Amino acid sequence: MELRQLRCFVAVAEELHFGRAAERLLLGQPAVSQQVRRLERELKVELFDRSPRYVRLTPAGERFLPAARDVLAAEGAARALAADLAAPAVLRLGTVTGLGERLDRILDAYQLRAPRVRVELHAAPVRDRLARLADGRLDAAFVRGAVPDDSPDLRFLPGWQDELVIALPARHPLAGQPEVDLAELADLPLRMTERRNHPALVDLVTEACARAGFRPVPGPAHTTFQDTLAAIGTGAPMWTVVYAANARMTNARRVVFRPCRTPLSLPTSVAVRRSAPLPRLLLEACRTLPGYDDHDS
């Protein structure tokens, strides 16, 4: 008796339809039928009464269903315990700016899955983050932008899209619009970090401006997020981009945040070492968020 046979049996018993059970299990219907037939041969009993019009449990199938569910529940509990035992005492996680409430929700979901694991957050420029991950000083790291092609020892698992919004002085005429066209910002100085600090972000904005028909006017040197917002809040004509998650958590009366008419966003991935086991509890925590790309994880 195999677990996959029990999974197929329980799915058909609950759906009372081989096709729907196959869809639920992401299998072909012939495969589900085959697994149920194998289970019946092993048990030497018919579990389903089949006809062209219906599928229903036989008395033997009704008696066997609770036991099959118990076995699958025990298997799930064993997997959860194994994952908990395999979890590290400390998870060293490289982070990026602008995650806002998304990071809080990931950490909350991770703590539910691994309550005894202490999470250490390490913020650093992307190259430093990847170097620390490659040499084992970090266990995983969030990375924004295109996947680097010079990190063969790392694996990048698709995560989500981080939306960006425009930050403007609250007294600027554009602040009254529900959204801003980039071309309307052509004459305003752009205050951004240096490219070496965040190449993906700077390239995204400058390329978007180029598509809108202009090259951004360089604004004053960027220092910190709060200093930049304070400078914009003075009413001086300038603008910047802010992660929407950060904007939602920011209370700045003299600054407004407006979406761009042509949406701006950066992909965020979860980077891990190829030689290390996947941090499955962290990935499960990320999957709890809307917009998470479950491909290849």
# chains A, B, ... in the order shown; residues from 1 in each chain; ligands from 1
$ residues_around --residues "A:Val96" --least-positions-apart "4" --cutoff "9 Å" --atoms "only C-alpha atoms" --output "ChimeraX atom specification"
/A:122-126,141-144
$ residues_around --residues "A:Asp153" --least-positions-apart "4" --cutoff "7 Å" --atoms "only C-alpha atoms" --output "PyMOL selection string"
chain A and resi 134+273-274
$ closest_residue --among "A:Arg155, A:Arg248, A:Arg7, A:Arg211" --to "A:Pro279" --atoms "only C-alpha atoms"
A:Arg155
$ select_by_dssp --residues "stretch 39-263 of chain A" --states "strand (DSSP E)" --output "PyMOL selection string"
chain A and resi 48-50+55-57+90-95+118-123+140-144+154-169+189-190+217-218+240-243+255-263
$ closest_residue --among "A:Arg261, A:Arg196, A:Asp149, A:Arg127" --to "A:Glu184" --atoms "only C-alpha atoms"
A:Arg261
$ select_by_dssp --residues "stretch 10-184 of chain A" --states "helix (DSSP H, G or I)" --output "VMD selection string"
chain A and resid 10 to 15 18 to 25 29 to 43 59 to 86 101 to 113 126 to 134 173 to 176 182 to 184
$ residues_around --residues "A:Leu264" --least-positions-apart "3" --cutoff "12 Å" --atoms "only C-alpha atoms" --output "MDAnalysis selection string"
chainID A and resid 145 161:166 180:182 201:209 241:244 258:261 267
$ write_last_selection --atoms "N, CA, C and O atoms" --output "CSV table (one decimal), in the first residue's frame"
chain,number,residue,atom,x,y,z
A,145,GLY,N,15.3,42.8,-9.0
A,145,GLY,CA,15.8,43.0,-10.4
A,145,GLY,C,16.1,41.7,-11.1
A,145,GLY,O,15.8,40.6,-10.6
A,161,GLN,N,6.4,40.7,-7.5
A,161,GLN,CA,6.7,42.0,-8.1
A,161,GLN,C,6.4,43.1,-7.1
A,161,GLN,O,5.4,43.1,-6.4
A,162,ASP,N,7.5,43.9,-6.9
A,162,ASP,CA,7.4,45.0,-6.0
A,162,ASP,C,7.0,46.3,-6.8
A,162,ASP,O,7.8,46.8,-7.6
A,163,GLU,N,5.8,46.8,-6.5
A,163,GLU,CA,5.3,48.0,-7.2
A,163,GLU,C,6.0,49.3,-6.7
A,163,GLU,O,6.3,49.4,-5.5
A,164,LEU,N,6.3,50.2,-7.6
A,164,LEU,CA,6.9,51.5,-7.2
A,164,LEU,C,5.9,52.6,-7.5
A,164,LEU,O,5.1,52.5,-8.4
A,165,VAL,N,5.9,53.7,-6.7
A,165,VAL,CA,5.0,54.8,-6.9
A,165,VAL,C,5.9,56.1,-6.9
A,165,VAL,O,7.1,56.1,-6.5
A,166,ILE,N,5.3,57.2,-7.4
A,166,ILE,CA,6.0,58.5,-7.5
A,166,ILE,C,5.8,59.3,-6.2
A,166,ILE,O,4.6,59.3,-5.7
A,180,VAL,N,0.3,59.7,-12.2
A,180,VAL,CA,1.2,60.6,-12.9
A,180,VAL,C,1.8,59.9,-14.1
A,180,VAL,O,2.2,58.8,-14.1
A,181,ASP,N,1.9,60.7,-15.2
A,181,ASP,CA,2.6,60.3,-16.4
A,181,ASP,C,4.0,60.7,-16.3
A,181,ASP,O,4.3,61.8,-15.9
A,182,LEU,N,4.9,59.7,-16.5
A,182,LEU,CA,6.4,60.1,-16.4
A,182,LEU,C,6.8,61.3,-17.2
A,182,LEU,O,7.6,62.1,-16.7
A,201,LEU,N,17.1,49.2,-9.6
A,201,LEU,CA,16.2,50.3,-9.5
A,201,LEU,C,16.5,51.5,-10.3
A,201,LEU,O,15.6,52.0,-11.0
A,202,VAL,N,17.7,51.9,-10.3
A,202,VAL,CA,18.1,53.1,-11.2
A,202,VAL,C,17.9,52.8,-12.6
A,202,VAL,O,17.4,53.6,-13.4
A,203,ASP,N,18.3,51.6,-13.1
A,203,ASP,CA,18.1,51.3,-14.5
A,203,ASP,C,16.6,51.2,-14.9
A,203,ASP,O,16.2,51.7,-16.0
A,204,LEU,N,15.8,50.7,-14.0
A,204,LEU,CA,14.4,50.6,-14.3
A,204,LEU,C,13.8,52.0,-14.5
A,204,LEU,O,13.1,52.3,-15.5
A,205,VAL,N,14.2,53.0,-13.6
A,205,VAL,CA,13.6,54.3,-13.7
A,205,VAL,C,14.1,55.1,-14.9
A,205,VAL,O,13.4,55.7,-15.6
A,206,THR,N,15.5,55.0,-15.1
A,206,THR,CA,16.0,55.8,-16.2
A,206,THR,C,15.6,55.2,-17.6
A,206,THR,O,15.3,56.0,-18.5
A,207,GLU,N,15.4,53.9,-17.7
A,207,GLU,CA,14.9,53.3,-18.9
A,207,GLU,C,13.4,53.7,-19.1
A,207,GLU,O,13.0,53.9,-20.3
A,208,ALA,N,12.6,53.7,-18.1
A,208,ALA,CA,11.2,54.1,-18.2
A,208,ALA,C,11.1,55.6,-18.6
A,208,ALA,O,10.3,55.9,-19.5
A,209,CYS,N,12.0,56.4,-18.1
A,209,CYS,CA,12.0,57.8,-18.5
A,209,CYS,C,12.4,57.9,-20.0
A,209,CYS,O,11.8,58.7,-20.7
A,241,VAL,N,11.1,57.9,-6.6
A,241,VAL,CA,10.3,56.7,-6.6
A,241,VAL,C,10.4,56.0,-5.3
A,241,VAL,O,11.5,56.0,-4.7
A,242,VAL,N,9.3,55.4,-4.8
A,242,VAL,CA,9.2,54.8,-3.5
A,242,VAL,C,8.5,53.4,-3.7
A,242,VAL,O,7.5,53.4,-4.5
A,243,TYR,N,9.0,52.4,-3.0
A,243,TYR,CA,8.2,51.1,-3.1
A,243,TYR,C,6.8,51.4,-2.5
A,243,TYR,O,6.7,52.0,-1.4
A,244,ALA,N,5.8,50.9,-3.1
A,244,ALA,CA,4.5,51.1,-2.7
A,244,ALA,C,4.3,50.5,-1.2
A,244,ALA,O,3.5,51.1,-0.5
A,258,ARG,N,1.9,58.8,-5.7
A,258,ARG,CA,1.0,58.6,-6.8
A,258,ARG,C,1.5,57.4,-7.7
A,258,ARG,O,2.7,57.4,-8.0
A,259,PRO,N,0.6,56.5,-8.1
A,259,PRO,CA,1.0,55.5,-9.0
A,259,PRO,C,1.4,56.1,-10.4
A,259,PRO,O,0.9,57.2,-10.8
A,260,CYS,N,2.3,55.4,-11.1
A,260,CYS,CA,2.7,55.9,-12.4
A,260,CYS,C,1.7,55.3,-13.4
A,260,CYS,O,1.2,54.2,-13.3
A,261,ARG,N,1.3,56.2,-14.4
A,261,ARG,CA,0.4,55.7,-15.4
A,261,ARG,C,0.8,54.5,-16.1
A,261,ARG,O,0.0,53.6,-16.4
A,267,PRO,N,10.9,42.8,-10.1
A,267,PRO,CA,10.8,41.4,-9.6
A,267,PRO,C,11.7,41.2,-8.4
A,267,PRO,O,12.8,41.7,-8.3
$ residues_around --residues "A:Phe156" --least-positions-apart "3" --cutoff "6 Å" --atoms "only C-alpha atoms" --output "list in words"
Ser269, Val270 and Ala271 of chain A
$ write_last_selection --atoms "C-alpha atoms" --output "PDB file, in the first residue's frame"
ATOM      1  CA  SER A 269      13.477  36.647  -5.930  1.00  0.00           C
ATOM      2  CA  VAL A 270      14.690  34.469  -3.067  1.00  0.00           C
ATOM      3  CA  ALA A 271      18.362  33.601  -3.497  1.00  0.00           C
TER       4      ALA A 271
END
$ atom_distance --atom1 "atom CA of A:Val119" --atom2 "atom CA of A:Ala200"
26.4 Å
$ atom_distance --atom1 "atom CA of A:Arg287" --atom2 "atom CA of A:Asp139"
18.1 Å
$ residues_around --residues "stretch 226-236 of chain A" --least-positions-apart "4" --cutoff "7 Å" --atoms "only C-alpha atoms" --output "number ranges by chain"
A: 168-169, 171, 222, 254-255
$ residues_around --residues "A:Leu3" --least-positions-apart "3" --cutoff "9 Å" --atoms "only C-alpha atoms" --output "list of chain:residue names"
A:Leu6, A:Arg7, A:Cys8, A:Val71, A:Leu72, A:Glu75
$ write_last_selection --atoms "C-alpha atoms" --output "compact mmCIF listing (two decimals), in the first residue's frame"
# COMPACT_ATOMS: atom_id res chain seq x y z
CA LEU A 6 -4.32 6.55 -0.57
CA ARG A 7 -4.23 10.14 -1.83
CA CYS A 8 -6.01 9.12 -5.02
CA VAL A 71 -2.69 7.69 7.49
CA LEU A 72 -2.44 10.82 5.31
CA GLU A 75 2.14 11.56 7.09
$ atom_distance --atom1 "atom CA of A:Leu154" --atom2 "atom CA of A:Arg118"
23.3 Å
$ residues_around --residues "stretch 34-41 of chain A" --least-positions-apart "4" --cutoff "6 Å" --atoms "only C-alpha atoms" --output "list in words"
Gln5, Phe9, Val45 and Glu46 of chain A
$ write_last_selection --atoms "N, CA and C atoms" --output "compact mmCIF listing (two decimals), in the first residue's frame"
# COMPACT_ATOMS: atom_id res chain seq x y z
N GLN A 5 -1.46 5.96 -3.56
CA GLN A 5 -2.72 5.24 -3.74
C GLN A 5 -3.78 5.78 -2.79
N PHE A 9 -7.31 7.60 -3.65
CA PHE A 9 -8.57 7.06 -3.13
C PHE A 9 -9.35 8.12 -2.37
N VAL A 45 -10.61 -5.93 -2.43
CA VAL A 45 -11.98 -5.50 -2.20
C VAL A 45 -12.28 -4.32 -3.13
N GLU A 46 -13.53 -4.18 -3.54
CA GLU A 46 -13.94 -3.05 -4.35
C GLU A 46 -14.25 -1.87 -3.42
